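Encoded as C-alpha coordinates, the structure appears first; notes follow it.
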Amino acid sequence: VMLYGEYFEEAARRLKSDLYVFPASIHEVIAMPANGMGPDILRKMVAEVNADEVAGEEVLSGNVYRYRLGTGRLEMM
(Lines give C-alpha, C1' and ligand atoms only; values in the text may rest on other atoms or scores of the structure.)
Protein backbone atom coordinates (compact mmCIF):
# COMPACT_ATOMS: atom_id res chain seq x y z
CA VAL A 1 0.00 0.00 0.00
CA MET A 2 2.92 2.37 0.65
CA LEU A 3 3.56 2.36 -3.12
CA TYR A 4 -0.02 3.05 -4.20
CA GLY A 5 -0.37 6.81 -3.93
CA GLU A 6 -3.98 6.81 -5.11
CA TYR A 7 -5.07 5.41 -1.73
CA PHE A 8 -3.43 8.29 0.10
CA GLU A 9 -4.71 10.81 -2.45
CA GLU A 10 -8.31 9.71 -1.94
CA ALA A 11 -8.04 9.72 1.86
CA ALA A 12 -6.34 13.12 1.90
CA ARG A 13 -8.98 14.63 -0.41
CA ARG A 14 -11.81 13.26 1.73
CA LEU A 15 -10.20 14.55 4.92
CA LYS A 16 -9.06 17.80 3.28
CA SER A 17 -5.69 17.38 4.94
CA ASP A 18 -2.18 16.09 4.47
CA LEU A 19 -1.74 12.68 6.09
CA TYR A 20 0.69 11.16 8.53
CA VAL A 21 1.36 7.62 7.39
CA PHE A 22 3.08 4.93 9.35
CA PRO A 23 3.50 1.25 8.65
CA ALA A 24 2.20 -0.66 11.65
CA SER A 25 3.69 -3.93 10.33
CA ILE A 26 4.24 -5.70 7.01
CA HIS A 27 0.48 -6.31 7.07
CA GLU A 28 -0.91 -2.89 8.02
CA VAL A 29 -0.44 0.80 7.21
CA ILE A 30 -2.16 3.53 9.23
CA ALA A 31 -2.92 6.99 7.87
CA MET A 32 -4.36 9.90 9.81
CA PRO A 33 -4.87 13.63 9.25
CA ALA A 34 -1.63 15.57 9.70
CA ASN A 35 -3.06 17.83 12.36
CA GLY A 36 -3.08 17.27 16.06
CA MET A 37 -0.23 14.98 17.04
CA GLY A 38 3.18 15.84 15.65
CA PRO A 39 5.60 13.47 13.95
CA ASP A 40 7.81 13.15 17.05
CA ILE A 41 4.93 11.74 19.10
CA LEU A 42 3.97 9.40 16.25
CA ARG A 43 7.58 8.18 15.85
CA LYS A 44 7.64 7.36 19.55
CA MET A 45 4.34 5.48 19.23
CA VAL A 46 5.66 3.52 16.23
CA ALA A 47 8.81 2.58 18.15
CA GLU A 48 6.78 1.41 21.16
CA VAL A 49 4.36 -0.64 19.04
CA ASN A 50 7.23 -2.18 17.06
CA ALA A 51 9.02 -3.13 20.28
CA ASP A 52 5.99 -4.42 22.21
CA GLU A 53 3.38 -5.63 19.74
CA VAL A 54 4.96 -6.57 16.41
CA ALA A 55 7.13 -9.64 15.82
CA GLY A 56 10.62 -8.62 14.68
CA GLU A 57 10.25 -10.21 11.24
CA GLU A 58 6.99 -8.27 10.69
CA VAL A 59 8.37 -4.77 11.42
CA LEU A 60 8.34 -2.79 8.18
CA SER A 61 9.68 0.56 9.36
CA GLY A 62 10.19 2.75 12.39
CA ASN A 63 9.61 5.89 10.37
CA VAL A 64 6.65 8.23 10.03
CA TYR A 65 5.80 9.62 6.60
CA ARG A 66 3.77 12.59 5.43
CA TYR A 67 1.59 12.47 2.35
CA ARG A 68 1.27 15.98 0.95
CA LEU A 69 -2.11 16.59 -0.63
CA GLY A 70 -0.92 19.49 -2.78
CA THR A 71 1.99 17.63 -4.38
CA GLY A 72 1.02 13.96 -4.06
CA ARG A 73 4.40 13.23 -2.48
CA LEU A 74 5.08 10.79 0.36
CA GLU A 75 8.01 12.08 2.46
CA MET A 76 9.81 10.60 5.42
CA MET A 77 9.42 12.84 8.47
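For the C-alpha coordinates, the naming scheme is as follows: chains receive sequential letters (A, B, ...) according to their order of presentation, residues are indexed from 1 within each chain, and ligands are indexed from 1 in presentation order.
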Please identify all polymer residues within 8 Å of Tyr20 (chain A), counting only C-alpha atoms, omitting same-chain residues fewer than 6 positions from it, and present them as a PyMOL selection string. chain A and resi 31-34+39+64-67
So, counting only C-alpha atoms, which residue among A:Glu53, A:Glu58, A:Glu75, A:Asp40 is closest to Asp18 (chain A)?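 Using only C-alpha atoms, the shortest distance to Asp18 (chain A) belongs to A:Glu75.
With only C-alpha atoms as the atoms that count, the minimum distance from Met76 (chain A) to the choices A:Met45, A:Met37, A:Leu19, A:Ala11 is reached by A:Leu19.
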From a backbone DSSP assignment, name each residue in chain A labelled strand (DSSP E or B), as a ChimeraX atom specification. /A:19-25,28-33,65-68,73-76
